[in-house]
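Okay, so here's the structure we're looking at.
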Amino acid sequence: MGGSEERVVAVIMVGGPTKGTRFRPLSLNTPKPLFPLAGQPMVNHPISACKKIPNLAQIYLIGLYEERDFALFVSSISNELRVPVRYLKEDKPHGSAGGLYNFRDQIMEESPSHIFLLNCDVCCSFPLAEMLVVHRSYGGMGTILVIKVSPESASQFGELVADPVTNELLHYTEKPETFVSDRINCGVYLFTPDIFTAVQDVSSQRKDRATLRRISSFEALQPANRSLPSDFVRLDQDILSPLAGKKQFYVYETTDYWEQIKTPGMSLKCSGLYLAQFRHTSPHLLASGEGMKTAAISGNVYIHPSAKVHPTAKIGPSASISANARIGAGVRLVNCIILDDVEIKENAVVIHAIVGWKSSIGRWSRVQASGDHNAKLGVTILGESVMVEDEVVVINSIVLPNKTMNVSVQEEIIL
Amino acid sequence: MKALILVGGFGTRLRPLTLSVPKPLVDFGNKPMILHQIEALKAIGVTEVVLAINYQPEVMMNFLKDFEAKLGIKITCSQETEPLGTAGPLALARDKLIDDSGEPFFVLNSDVISEYPLKDMIEFHKSHGGEASIMVTKVDEPSKYGVVIMEESTGKVERFVEKPKIFVGNKINAGIYLLNPSVLDRIELRPTSIEKEVFPKIAAEKKLYAMVLSGFWMDIGQPKDYITGLRLYLDSLRKQSSPLLASGTNIIGNVLVDETAKIGEGCLIGPDVAIGPGCVVESGVRLSRCTVMRGVRIKKHACVSGSIIGWHSTVGQWARAENMTILGEDVHVGDEVYSNGGVVLPHKEIKSSILKPEIVM
């Protein structure tokens, strides 16, 4: 029976520095979880969503980054949201389930009845309170958030088959070559503490197999037999797949937006999605463009209070301006993220781009891209301290930190 | 005697190598670039070297601690808070460069690798009695650089021409200077160019003299020139009959192999190869015109030419890297993969072939 004393803990996996080079060049300067989307660090969005959980006791961030990378963030977010947030550093990768298991003592400190597991680089509406309600009614070990996608794109993810009546997880397969299902794993889970026993079973089985079995040299070459350490346990392949169809796991389907934030291009798209969400949930965070002295605002725009925007500039839709940025007269910004301390001089144009910290964009210069968030060069990315000189045009390109662009370029990566 | 080495900024042209260490610490010929200059200075009696830096001072400081003791020369840093150009750093380091002796001091550019005939330069400077001496070198394509027009017999400099459109001369500024302390009175503490503002004034007063550098010279600030520079450097080692060069049935031409590196059976190494500390070159490997940095493993039957393999990377079995392939730190090229000019940022695995030159982030 769900009582008012039932405490819930949320765990957010934030990843680590050498994995995931897809977020370069932005990750050269900042850990991906702290990169701002819609004016807030990426990890803020799942953390804020956790506030909707009734009886939330604690939020844990688990990752491979150094503690000092998260120290400031964790203390300020704990204060701001009035929820205890702690960062736990893994000494080595343990896999998505192994990481949870590795810190089971801390997670179980307050004897929570339920544990949410979220991936930091997932952009969605996080319907956590609703998941808790249905999970209780299913009575299983876990409930997985799923979403329907196009059959062509489904093979990039974990595909799930669920019973349409009971919502029980019947089958799970990770990135299959042939079509299995158009429902995919969103990377948001709710578990009861039994999950730890399930992980422990996988670890012990693997340990036993390793000592008992002598693999022939041919078998040893097969990728499937490449032995994983016993404490490396993947949620998808090692737990969900084998336990599907055994009345242990259930699904909850969301019809809201969902994206993975793997590349800078996608981070721009997700920033736009969160800005659109703010329009419904927290419109006070968005710029209103009212009053004589403010710039013209179109669509959903975030402007940090310390940023200075000239009244003749036109900002948006989907623009986000960070702290201490200076936007000059006659500047046009469309679908972009302008990071801290950037200076954009008069009459410059920025469309479908991310402008890195401390960069400077010259007068009448143009920084733009096709806006295809999935293409390698579909969003122009300027790293930290990039200077684009007056009247220079940078299109569909990526520029690494500390470069000066004094000639126009298209479709290039500038190291 | 004192010296200043202009270390400067971010070294973006040598990326991806400079994403892992500051440029002066990138290895060349199996030792950090800047060590070549510091050793040349020590050899002619310089007692103190000042490094003018504006990037990653902590990393440079750590390096200094290691080498100050080993080399027996005092090394200090002069840190720019804003980029001061090619002359400003001298003003910033003024107090470190001048002492009561009134002796001239050397200024070197950290991107340059050369023979460093510094003793001859001191003699030259004394003999002409001018205020400043600069080293010039003859190049094939002068318009890429700043050309120095000088009187052939005395070396007196008449003027500088930056990147001339027509042929005016083929001697360019080699980035090695010997200056009297009075030159510092001409430099203000602000971003200043020594070639455009300071030297032309000294030349107008007929007090600037140029000496033609004999021996090799290369600006190794970018990968193509780094590889050419290695050939010139190893060639000069050969001329000096240096014991550092390797020999054996599996060695062709000039090859440098660190004593802690291991080379397997049936390899063919050279010409113009440098293999760094702790490297493992497995059997049947062909290496030519390349640099293999500390801790790299080249697996069996692989082939590397005209490339730079960064620290702790691996090149897989039967893999082939050629045509200006530059691997950053900790890059792993899979078995049988082909890279034609791939430029790969640190901490990556390359599992499929790179057919034409491309940057892999």
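So you can find residues: chains in the structure tokens are A, B, ... in the order shown, residues in each start at 1, and ligands are numbered from 1 in order.
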Please identify all polymer residues within 9 Å of stretch 202-208 of chain A, counting only C-alpha atoms, omitting same-chain residues fewer than 6 positions from it, and present them as an mmCIF file with C-alpha atoms, in the first residue's frame.
data_model
loop_
_atom_site.group_PDB
_atom_site.id
_atom_site.type_symbol
_atom_site.label_atom_id
_atom_site.label_comp_id
_atom_site.auth_asym_id
_atom_site.auth_seq_id
_atom_site.Cartn_x
_atom_site.Cartn_y
_atom_site.Cartn_z
ATOM 1 C CA GLY A 98 26.204 -1.433 -12.670
ATOM 2 C CA SER A 227 34.270 -11.101 -21.408
ATOM 3 C CA LEU A 228 32.883 -8.134 -19.538
ATOM 4 C CA PRO A 229 34.008 -7.624 -15.981
ATOM 5 C CA SER A 230 31.446 -8.998 -13.547
ATOM 6 C CA ASP A 231 30.657 -5.550 -12.169
ATOM 7 C CA PHE A 232 29.903 -4.075 -15.612
ATOM 8 C CA VAL A 233 26.151 -4.523 -16.000
ATOM 9 C CA ASP A 238 21.721 -7.644 -19.234
ATOM 10 C CA ILE A 239 18.521 -6.909 -17.319
#
Can you list, as a ChimeraX atom specification, all residues belonging to stretch 258-302 of chain A that DSSP tags as alpha helix (DSSP H)? /A:264-281
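Across the structure, atom CA of B:His347 and atom CA of A:Gln40 are spaced 28.0 Å apart.
Every residue of chain B that lies within 10 Å of chain A is listed here, counting only C-alpha atoms: Gly9, Phe10, Gly11, Thr12, Arg13, Leu14, Arg15, Pro16, Leu19, Val343, Leu345, Pro346, His347, Lys348, Glu358, Ile359, Val360 and Met361 of chain B.
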Please write the residues from the selection above to a file, keeping C-alpha atoms, as a PDB file, in the first residue's frame.
ATOM      1  CA  GLY B   9      49.705  31.296 -27.671  1.00  0.00           C
ATOM      2  CA  PHE B  10      47.438  28.449 -28.435  1.00  0.00           C
ATOM      3  CA  GLY B  11      49.335  26.645 -31.168  1.00  0.00           C
ATOM      4  CA  THR B  12      46.116  26.092 -33.075  1.00  0.00           C
ATOM      5  CA  ARG B  13      47.934  25.129 -36.281  1.00  0.00           C
ATOM      6  CA  LEU B  14      49.427  22.109 -34.536  1.00  0.00           C
ATOM      7  CA  ARG B  15      46.064  20.805 -33.387  1.00  0.00           C
ATOM      8  CA  PRO B  16      45.108  18.116 -32.535  1.00  0.00           C
ATOM      9  CA  LEU B  19      44.814  19.973 -27.585  1.00  0.00           C
ATOM     10  CA  VAL B 343      43.247  14.368 -38.623  1.00  0.00           C
ATOM     11  CA  LEU B 345      41.181  14.577 -32.185  1.00  0.00           C
ATOM     12  CA  PRO B 346      42.263  12.917 -28.898  1.00  0.00           C
ATOM     13  CA  HIS B 347      40.504   9.910 -27.321  1.00  0.00           C
ATOM     14  CA  LYS B 348      38.878   8.471 -30.442  1.00  0.00           C
ATOM     15  CA  GLU B 358      39.156  14.760 -43.170  1.00  0.00           C
ATOM     16  CA  ILE B 359      38.997  15.997 -39.585  1.00  0.00           C
ATOM     17  CA  VAL B 360      37.523  13.512 -37.129  1.00  0.00           C
ATOM     18  CA  MET B 361      36.254  15.111 -33.947  1.00  0.00           C
TER      19      MET B 361
END
Mind pulling up the distance from atom CA of A:Gly383 to atom CA of A:Ala325? 15.1 Å
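Of the listed residues B:Val49, B:Leu84, B:Ile166, B:Ile298, the one whose atoms come nearest to B:Gly72 is B:Val49, with distances taken using only C-alpha atoms.
Within 7 Å of stretch 362-373 of chain A there are Gly265, Met266, Lys269, Ile344, Lys345, Glu346, Asn347, Ala348, Val349, Val350, Ile351, His352, Ala353, Gly378, Val379, Thr380, Val388, Glu389, Asp390, Glu391, Val392, Val393, Val394, Ile395 and Asn396 of chain A, counting only C-alpha atoms and ignoring same-chain residues fewer than 5 positions away.
The space separating atom CA of A:Asn119 from atom CA of A:Leu56 comes to 17.7 Å.
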Spatial neighbours of stretch 168-172 of chain B, max dist 8 Å, only C-alpha atoms, sep filter under 4 positions, as a ChimeraX atom specification: /B:136-142,145-149,164,212
For stretch 85-88 of chain A, please output as a ChimeraX atom specification all residues within 12 Å (counting only C-alpha atoms; exclusion window: fewer than 6 positions along the same chain). /A:9-16,43-44,47-48,50-51,56-79,99-100,102-107
Create the file for the chosen residues now, containing N, CA and C atoms and written as a compact mmCIF listing (two decimals), in the first residue's frame.
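Output (again-v2.txt):
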# COMPACT_ATOMS: atom_id res chain seq x y z
N VAL A 9 13.75 8.25 -4.42
CA VAL A 9 15.07 8.78 -4.74
C VAL A 9 15.22 8.83 -6.27
N ALA A 10 15.87 9.86 -6.79
CA ALA A 10 16.11 9.94 -8.24
C ALA A 10 17.60 9.87 -8.50
N VAL A 11 17.99 9.10 -9.50
CA VAL A 11 19.40 8.98 -9.88
C VAL A 11 19.51 9.43 -11.33
N ILE A 12 20.42 10.37 -11.59
CA ILE A 12 20.61 10.85 -12.95
C ILE A 12 22.02 10.48 -13.40
N MET A 13 22.13 9.72 -14.50
CA MET A 13 23.44 9.32 -15.03
C MET A 13 23.94 10.45 -15.92
N VAL A 14 25.12 10.99 -15.59
CA VAL A 14 25.61 12.15 -16.36
C VAL A 14 26.76 11.83 -17.31
N GLY A 15 27.26 10.59 -17.28
CA GLY A 15 28.32 10.26 -18.24
C GLY A 15 29.69 10.74 -17.77
N GLY A 16 30.64 10.82 -18.71
CA GLY A 16 31.99 11.18 -18.32
C GLY A 16 32.76 11.85 -19.44
N VAL A 43 21.60 19.29 -17.19
CA VAL A 43 21.16 18.40 -16.12
C VAL A 43 20.08 19.05 -15.24
N ASN A 44 19.96 20.38 -15.30
CA ASN A 44 18.90 21.07 -14.56
C ASN A 44 17.53 20.59 -14.94
N ILE A 47 16.58 17.45 -13.31
CA ILE A 47 16.52 17.73 -11.87
C ILE A 47 15.23 18.49 -11.54
N SER A 48 14.89 19.50 -12.33
CA SER A 48 13.66 20.24 -12.07
C SER A 48 12.46 19.33 -12.21
N CYS A 50 12.33 16.29 -11.42
CA CYS A 50 12.25 15.46 -10.23
C CYS A 50 11.48 16.15 -9.12
N LYS A 51 11.43 17.46 -9.14
CA LYS A 51 10.69 18.16 -8.10
C LYS A 51 9.21 17.81 -8.12
N LEU A 56 9.93 13.23 -2.72
CA LEU A 56 11.30 13.10 -3.21
C LEU A 56 12.27 13.36 -2.06
N ALA A 57 13.14 12.38 -1.78
CA ALA A 57 14.05 12.53 -0.64
C ALA A 57 15.41 13.07 -1.06
N GLN A 58 15.89 12.62 -2.22
CA GLN A 58 17.28 12.91 -2.59
C GLN A 58 17.45 12.74 -4.09
N ILE A 59 18.34 13.55 -4.67
CA ILE A 59 18.72 13.33 -6.08
C ILE A 59 20.21 13.02 -6.11
N TYR A 60 20.59 11.95 -6.80
CA TYR A 60 22.00 11.63 -6.99
C TYR A 60 22.38 11.81 -8.45
N LEU A 61 23.53 12.43 -8.69
CA LEU A 61 24.11 12.47 -10.03
C LEU A 61 25.27 11.49 -10.02
N ILE A 62 25.27 10.56 -10.96
CA ILE A 62 26.36 9.57 -11.00
C ILE A 62 27.12 9.74 -12.32
N GLY A 63 28.44 9.86 -12.24
CA GLY A 63 29.20 10.04 -13.46
C GLY A 63 30.68 9.77 -13.29
N LEU A 64 31.42 9.94 -14.39
CA LEU A 64 32.86 9.71 -14.37
C LEU A 64 33.66 11.00 -14.32
N TYR A 65 32.97 12.15 -14.30
CA TYR A 65 33.68 13.43 -14.21
C TYR A 65 34.29 13.58 -12.82
N GLU A 66 35.30 14.45 -12.72
CA GLU A 66 35.90 14.75 -11.41
C GLU A 66 34.87 15.45 -10.53
N GLU A 67 34.98 15.20 -9.22
CA GLU A 67 34.04 15.83 -8.28
C GLU A 67 34.05 17.35 -8.40
N ARG A 68 35.25 17.91 -8.63
CA ARG A 68 35.32 19.37 -8.65
C ARG A 68 34.54 19.97 -9.82
N ASP A 69 34.33 19.18 -10.90
CA ASP A 69 33.56 19.71 -12.03
C ASP A 69 32.12 19.98 -11.63
N PHE A 70 31.63 19.22 -10.65
CA PHE A 70 30.22 19.36 -10.27
C PHE A 70 30.00 20.01 -8.91
N ALA A 71 31.09 20.29 -8.18
CA ALA A 71 30.94 20.76 -6.80
C ALA A 71 30.09 22.02 -6.71
N LEU A 72 30.49 23.05 -7.51
CA LEU A 72 29.76 24.32 -7.45
C LEU A 72 28.31 24.14 -7.86
N PHE A 73 28.13 23.40 -8.96
CA PHE A 73 26.79 23.23 -9.49
C PHE A 73 25.89 22.56 -8.47
N VAL A 74 26.37 21.49 -7.86
CA VAL A 74 25.56 20.71 -6.94
C VAL A 74 25.15 21.54 -5.72
N SER A 75 26.08 22.34 -5.19
CA SER A 75 25.69 23.10 -4.00
C SER A 75 24.71 24.20 -4.36
N SER A 76 24.90 24.84 -5.55
CA SER A 76 23.96 25.92 -5.87
C SER A 76 22.59 25.38 -6.23
N ILE A 77 22.53 24.23 -6.92
CA ILE A 77 21.20 23.71 -7.30
C ILE A 77 20.47 23.17 -6.07
N SER A 78 21.21 22.61 -5.10
CA SER A 78 20.57 22.12 -3.88
C SER A 78 19.90 23.28 -3.16
N ASN A 79 20.63 24.42 -3.09
CA ASN A 79 20.07 25.59 -2.43
C ASN A 79 18.86 26.12 -3.17
N GLY A 99 26.30 0.99 -12.51
CA GLY A 99 26.55 2.25 -11.81
C GLY A 99 25.59 2.43 -10.67
N LEU A 100 24.34 2.10 -10.93
CA LEU A 100 23.29 2.19 -9.91
C LEU A 100 23.63 1.25 -8.75
N ASN A 102 26.54 0.00 -7.96
CA ASN A 102 27.78 0.39 -7.29
C ASN A 102 27.52 1.33 -6.12
N PHE A 103 26.49 2.16 -6.24
CA PHE A 103 26.22 3.13 -5.17
C PHE A 103 24.95 2.76 -4.40
N ARG A 104 24.62 1.46 -4.35
CA ARG A 104 23.34 1.08 -3.74
C ARG A 104 23.24 1.47 -2.27
N ASP A 105 24.39 1.47 -1.58
CA ASP A 105 24.32 1.82 -0.16
C ASP A 105 23.84 3.26 0.03
N GLN A 106 24.45 4.20 -0.75
CA GLN A 106 24.01 5.60 -0.61
C GLN A 106 22.57 5.75 -1.05
N ILE A 107 22.23 5.10 -2.18
CA ILE A 107 20.88 5.26 -2.72
C ILE A 107 19.85 4.73 -1.72
Which residues are near stretch 274-281 of chain A? Cut-off 9 Å, only C-alpha atoms, ignore same chain within fewer than 4 positions. Put them as a PyMOL selection string. chain A and resi 37-39+45+123-125+269-270+285-286+299-302+318-320
Could the residues in this selection be saved with all heavy atoms as a compact mmCIF listing (two decimals), in the first residue's frame?
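Output saved as result-v2.txt:
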# COMPACT_ATOMS: atom_id res chain seq x y z
N LEU A 37 20.88 24.60 -21.91
CA LEU A 37 19.79 24.50 -22.87
C LEU A 37 18.69 25.40 -22.32
O LEU A 37 18.33 25.29 -21.15
CB LEU A 37 19.26 23.06 -22.95
CG LEU A 37 20.26 21.97 -23.31
CD1 LEU A 37 19.57 20.62 -23.33
CD2 LEU A 37 20.88 22.25 -24.67
N ALA A 38 18.17 26.28 -23.17
CA ALA A 38 17.14 27.22 -22.72
C ALA A 38 17.57 27.94 -21.44
O ALA A 38 16.79 28.16 -20.53
CB ALA A 38 15.82 26.48 -22.49
N GLY A 39 18.87 28.29 -21.40
CA GLY A 39 19.35 29.10 -20.29
C GLY A 39 19.69 28.36 -19.01
O GLY A 39 20.08 28.98 -18.03
N HIS A 45 17.37 20.26 -16.23
CA HIS A 45 16.02 19.96 -16.71
C HIS A 45 15.47 18.68 -16.09
O HIS A 45 14.37 18.69 -15.54
CB HIS A 45 15.99 19.95 -18.24
CG HIS A 45 16.29 21.30 -18.84
ND1 HIS A 45 15.34 22.26 -19.04
CD2 HIS A 45 17.46 21.84 -19.25
CE1 HIS A 45 15.91 23.36 -19.55
NE2 HIS A 45 17.20 23.12 -19.69
N CYS A 123 16.11 14.57 -23.70
CA CYS A 123 15.30 15.80 -23.63
C CYS A 123 13.84 15.37 -23.75
O CYS A 123 13.44 14.86 -24.80
CB CYS A 123 15.71 16.72 -24.77
SG CYS A 123 14.56 18.06 -25.08
N CYS A 124 13.07 15.55 -22.68
CA CYS A 124 11.65 15.21 -22.77
C CYS A 124 10.90 15.89 -21.65
O CYS A 124 11.46 16.68 -20.89
CB CYS A 124 11.45 13.69 -22.71
SG CYS A 124 11.82 12.95 -21.13
N SER A 125 9.61 15.60 -21.53
CA SER A 125 8.80 16.27 -20.52
C SER A 125 8.88 15.58 -19.15
O SER A 125 8.35 16.07 -18.18
CB SER A 125 7.34 16.33 -20.97
OG SER A 125 6.88 15.01 -21.18
N LYS A 269 18.56 22.02 -30.98
CA LYS A 269 17.16 21.63 -31.17
C LYS A 269 16.46 21.47 -29.82
O LYS A 269 15.33 21.93 -29.62
CB LYS A 269 17.09 20.31 -31.94
CG LYS A 269 15.67 19.83 -32.15
CD LYS A 269 15.61 18.64 -33.08
CE LYS A 269 14.14 18.31 -33.37
NZ LYS A 269 13.98 17.07 -34.08
N CYS A 270 17.15 20.83 -28.86
CA CYS A 270 16.53 20.57 -27.56
C CYS A 270 16.37 21.85 -26.76
O CYS A 270 15.41 22.00 -25.99
CB CYS A 270 17.34 19.54 -26.80
SG CYS A 270 17.28 17.93 -27.62
N LEU A 285 9.95 32.86 -17.35
CA LEU A 285 11.37 32.71 -17.67
C LEU A 285 11.71 33.26 -19.05
O LEU A 285 12.85 33.57 -19.34
CB LEU A 285 11.78 31.23 -17.64
CG LEU A 285 11.80 30.54 -16.28
CD1 LEU A 285 12.13 29.06 -16.45
CD2 LEU A 285 12.81 31.19 -15.36
N LEU A 286 10.68 33.39 -19.90
CA LEU A 286 10.93 33.81 -21.28
C LEU A 286 10.91 35.32 -21.40
O LEU A 286 10.26 36.01 -20.61
CB LEU A 286 9.89 33.20 -22.22
CG LEU A 286 9.89 31.68 -22.30
CD1 LEU A 286 8.78 31.20 -23.23
CD2 LEU A 286 11.23 31.17 -22.79
N GLY A 299 8.64 34.68 -30.92
CA GLY A 299 8.64 33.29 -30.45
C GLY A 299 9.23 33.17 -29.06
O GLY A 299 9.20 34.09 -28.24
N ASN A 300 9.81 32.00 -28.78
CA ASN A 300 10.32 31.69 -27.45
C ASN A 300 11.78 32.06 -27.33
O ASN A 300 12.62 31.53 -28.05
CB ASN A 300 10.14 30.20 -27.15
CG ASN A 300 8.69 29.79 -27.30
OD1 ASN A 300 7.79 30.50 -26.87
ND2 ASN A 300 8.47 28.65 -27.93
N VAL A 301 12.06 32.98 -26.41
CA VAL A 301 13.43 33.49 -26.27
C VAL A 301 13.79 33.56 -24.79
O VAL A 301 12.98 33.98 -23.98
CB VAL A 301 13.52 34.92 -26.88
CG1 VAL A 301 14.85 35.57 -26.52
CG2 VAL A 301 13.35 34.86 -28.39
N TYR A 302 15.01 33.14 -24.47
CA TYR A 302 15.50 33.30 -23.11
C TYR A 302 16.63 34.31 -23.11
O TYR A 302 17.55 34.21 -23.92
CB TYR A 302 16.01 31.97 -22.54
CG TYR A 302 16.75 32.17 -21.23
CD1 TYR A 302 16.05 32.34 -20.04
CD2 TYR A 302 18.14 32.26 -21.21
CE1 TYR A 302 16.73 32.57 -18.85
CE2 TYR A 302 18.82 32.49 -20.02
CZ TYR A 302 18.10 32.64 -18.86
OH TYR A 302 18.77 32.89 -17.68
N SER A 318 13.28 30.90 -30.89
CA SER A 318 14.19 29.89 -30.36
C SER A 318 15.60 30.42 -30.17
O SER A 318 16.55 29.86 -30.70
CB SER A 318 14.24 28.68 -31.30
OG SER A 318 13.09 27.94 -31.16
N ALA A 319 15.74 31.52 -29.46
CA ALA A 319 17.09 32.01 -29.17
C ALA A 319 17.29 32.02 -27.67
O ALA A 319 16.36 32.25 -26.90
CB ALA A 319 17.28 33.40 -29.74
N SER A 320 18.56 31.78 -27.28
CA SER A 320 18.86 31.74 -25.86
C SER A 320 20.14 32.53 -25.65
O SER A 320 21.14 32.26 -26.31
CB SER A 320 19.01 30.27 -25.46
OG SER A 320 19.46 30.16 -24.16
